[in-house]
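Worksheet: the structure to be examined is printed underneath.
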Amino acid sequence: MTLRGLRLAVSHAFHDWKRDMSPRARSILWIGILIQGYAIYAAITRSLVWPVMWPTGFVLLASVGILYGIGGVFYNAVLASEFLRKTRMEADAIAARSIQRSLQPETLEAPQGYEIAASYEPFRIVGGDYFDIVRLSSGRTLVAVADVSGKGMAAALLSANLQALVRTLAVVDEDLRQLASRMNQHLSRHTPGDRFATAIFIVLDHESGTLTFVNAGHNPPILVSPGRTERLNATGIPLGMFEHSVYDTQSAVMAPGGVLVVFTDGLTDAIRADDPDARLAATVARQPDLSVSGIRALCDPALIEDDVTIIRLARR
């Protein structure tokens, strides 16, 4: 057993599995536990009403057995209902994963002269990472990546909301500053205060290779050009934190032979190194032809505890 497996086993052993139940189910469960506990107590003391030694002999044995069985009925009824409830939840989660997969681009249409590939692996059945490739007018393409705080179904719902916003707003208004500001306002107004999302929006000009971007507190993508490596650093804070946040745009140029790697923190968090970002950048600079699967192979499976999203864009 690996260290991670041992840690999970210990955490599951001490997990209070009753806390996910409804108050009614917990009450019924405790009734069954108390009845069974009293049956065991009666068997030890040899009396149902200790210190009065009554009943005795076979009657006591039968009474203890009946009491224990009644407690088991309560206990098993709750476990069966919880099993059915969690089975339905798992089926819903599997359906949600299928829907989430369908919302992602089925095929990545690379502009002429470019290559594009992507990988998305949720840590749980569904995840809070989001990516999209949107073809804009005038020979441009939008690359969008976001990482919603938290995990599971709530994060997946918010990431789906982000995708709908990007698809709607990017077509109506191609100004990245306005796109980021309007998405930030929407999330600030319509999501709980503890929910936010880091995001980066990059518009690629096919002809010149110019990358215009807004980085809302996201992990800086790595741009490797022949003889040079640079980062697309943050130009604003994460979306959904403050309603009136301002976002700036910056630009960089992808020269022929250049490679852009956009990723979420699930990738670097799982790279075993003193400086995971530096190791990732050095690897991409040393092997510019490294595929998306090769980049993901840098992850140590024992360290993966978050969704991992990678987009690789290369200019031939």
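Just so we're on the same page: first chain in the structure tokens is A, next is B, and so on; residues restart at 1 for each chain, and ligands are numbered from 1 in the order they show up.
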Fill in: DSSP-assigned alpha helix (DSSP H) among region 84-234 of chain A, expressed as a VMD selection string
chain A and resid 84 to 103 152 to 172 176 to 190
Worksheet item: Which polymer residues have any atom within 12 Å of an atom of Arg279 (chain A), counting only C-alpha atoms, with same-chain residues fewer than 3 positions away left out, as number ranges by chain?
Response: A: 222, 267-276, 282-287, 295, 298-299
Worksheet item: From the list A:Ala110, A:Leu313, A:Ala216, A:Ala156, which residue is nearest Asn184 (chain A) when using only C-alpha atoms?
Response: A:Ala216
Item to complete: Might you pull out every residue within 9 Å of region 122-126 of chain A, with only C-alpha atoms counted and same-chain residues fewer than 5 positions away left off, and present them as a ChimeraX atom specification?
Response: /A:90,93-94,96-98,100,151-153,155-156,266,304-309
Could those selected residues go to a file with N, CA and C atoms, as a PDB file, in the first residue's frame?
ATOM      1  N   GLU A  90     -24.471   8.662  -7.032  1.00  0.00           N
ATOM      2  CA  GLU A  90     -23.398   8.258  -7.933  1.00  0.00           C
ATOM      3  C   GLU A  90     -23.877   8.235  -9.379  1.00  0.00           C
ATOM      4  N   ALA A  93     -23.979  11.716 -10.531  1.00  0.00           N
ATOM      5  CA  ALA A  93     -22.631  12.232 -10.762  1.00  0.00           C
ATOM      6  C   ALA A  93     -22.073  11.721 -12.086  1.00  0.00           C
ATOM      7  N   ILE A  94     -22.336  10.444 -12.398  1.00  0.00           N
ATOM      8  CA  ILE A  94     -21.866   9.892 -13.674  1.00  0.00           C
ATOM      9  C   ILE A  94     -22.546  10.598 -14.841  1.00  0.00           C
ATOM     10  N   ALA A  96     -23.680  13.642 -14.713  1.00  0.00           N
ATOM     11  CA  ALA A  96     -23.108  14.993 -14.743  1.00  0.00           C
ATOM     12  C   ALA A  96     -21.763  14.992 -15.442  1.00  0.00           C
ATOM     13  N   ARG A  97     -20.959  13.944 -15.216  1.00  0.00           N
ATOM     14  CA  ARG A  97     -19.663  13.873 -15.900  1.00  0.00           C
ATOM     15  C   ARG A  97     -19.854  13.762 -17.405  1.00  0.00           C
ATOM     16  N   SER A  98     -20.839  12.973 -17.811  1.00  0.00           N
ATOM     17  CA  SER A  98     -21.099  12.842 -19.240  1.00  0.00           C
ATOM     18  C   SER A  98     -21.511  14.181 -19.841  1.00  0.00           C
ATOM     19  N   GLN A 100     -20.755  17.153 -18.581  1.00  0.00           N
ATOM     20  CA  GLN A 100     -19.592  18.037 -18.551  1.00  0.00           C
ATOM     21  C   GLN A 100     -18.647  17.739 -19.711  1.00  0.00           C
ATOM     22  N   LYS A 151     -14.087  21.584  -5.210  1.00  0.00           N
ATOM     23  CA  LYS A 151     -14.137  20.385  -6.052  1.00  0.00           C
ATOM     24  C   LYS A 151     -15.567  19.856  -6.078  1.00  0.00           C
ATOM     25  N   GLY A 152     -15.794  18.863  -6.924  1.00  0.00           N
ATOM     26  CA  GLY A 152     -17.067  18.167  -6.926  1.00  0.00           C
ATOM     27  C   GLY A 152     -18.148  18.878  -7.714  1.00  0.00           C
ATOM     28  N   MET A 153     -19.417  18.533  -7.358  1.00  0.00           N
ATOM     29  CA  MET A 153     -20.561  18.976  -8.144  1.00  0.00           C
ATOM     30  C   MET A 153     -20.729  20.486  -8.158  1.00  0.00           C
ATOM     31  N   ALA A 155     -18.467  22.866  -7.864  1.00  0.00           N
ATOM     32  CA  ALA A 155     -17.465  23.469  -8.741  1.00  0.00           C
ATOM     33  C   ALA A 155     -17.782  23.175 -10.209  1.00  0.00           C
ATOM     34  N   ALA A 156     -18.298  21.982 -10.491  1.00  0.00           N
ATOM     35  CA  ALA A 156     -18.635  21.625 -11.872  1.00  0.00           C
ATOM     36  C   ALA A 156     -19.773  22.495 -12.403  1.00  0.00           C
ATOM     37  N   GLY A 266      -3.533  22.152 -10.723  1.00  0.00           N
ATOM     38  CA  GLY A 266      -3.484  20.715 -10.460  1.00  0.00           C
ATOM     39  C   GLY A 266      -2.265  20.062 -11.069  1.00  0.00           C
ATOM     40  N   ILE A 304      -1.359  13.837  -6.994  1.00  0.00           N
ATOM     41  CA  ILE A 304      -2.518  14.395  -7.697  1.00  0.00           C
ATOM     42  C   ILE A 304      -3.705  14.463  -6.743  1.00  0.00           C
ATOM     43  N   GLU A 305      -4.123  15.676  -6.411  1.00  0.00           N
ATOM     44  CA  GLU A 305      -5.260  15.888  -5.524  1.00  0.00           C
ATOM     45  C   GLU A 305      -6.163  16.989  -6.052  1.00  0.00           C
ATOM     46  N   ASP A 306      -6.089  17.247  -7.354  1.00  0.00           N
ATOM     47  CA  ASP A 306      -6.910  18.295  -7.960  1.00  0.00           C
ATOM     48  C   ASP A 306      -7.083  17.972  -9.433  1.00  0.00           C
ATOM     49  N   ASP A 307      -8.022  18.682 -10.065  1.00  0.00           N
ATOM     50  CA  ASP A 307      -8.216  18.518 -11.502  1.00  0.00           C
ATOM     51  C   ASP A 307      -6.960  18.993 -12.240  1.00  0.00           C
ATOM     52  N   VAL A 308      -6.668  18.337 -13.347  1.00  0.00           N
ATOM     53  CA  VAL A 308      -5.489  18.687 -14.151  1.00  0.00           C
ATOM     54  C   VAL A 308      -5.942  19.001 -15.571  1.00  0.00           C
ATOM     55  N   THR A 309      -5.693  20.236 -15.982  1.00  0.00           N
ATOM     56  CA  THR A 309      -6.041  20.676 -17.335  1.00  0.00           C
ATOM     57  C   THR A 309      -4.788  21.238 -18.013  1.00  0.00           C
TER      58      THR A 309
END
Discussion item. Please list as number ranges by chain every residue within 7 Å of Val143 (chain A), counting only C-alpha atoms and excluding residues in the same chain fewer than 4 positions away.
Written reply: A: 132-134, 201-203
Write the selection just made, keeping C-alpha atoms, as a PDB file, in the first residue's frame?
ATOM      1  CA  ASP A 132     -12.592  26.170 -24.298  1.00  0.00           C
ATOM      2  CA  ILE A 133     -11.365  27.107 -27.752  1.00  0.00           C
ATOM      3  CA  VAL A 134     -13.563  29.665 -29.542  1.00  0.00           C
ATOM      4  CA  PHE A 201      -8.306  34.442 -21.676  1.00  0.00           C
ATOM      5  CA  ILE A 202      -5.920  34.566 -24.627  1.00  0.00           C
ATOM      6  CA  VAL A 203      -6.724  35.825 -28.106  1.00  0.00           C
TER       7      VAL A 203
END
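Of the listed residues A:Ser188, A:Gln36, A:Ser119, A:Ser22, the one whose atoms come nearest to Val261 (chain A) is A:Ser119, with distances taken using only C-alpha atoms.
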Practice prompt. From the DSSP assignment of the backbone, select every residue of region 112-301 of chain A that is strand (DSSP E or B), and format the answer as a count of residues only.
Written response: 63
Response to the item:
Judged by only C-alpha atoms, the minimum distance to Val224 (chain A) among A:Arg7, A:Arg46, A:Arg315, A:Arg26 is found for A:Arg315
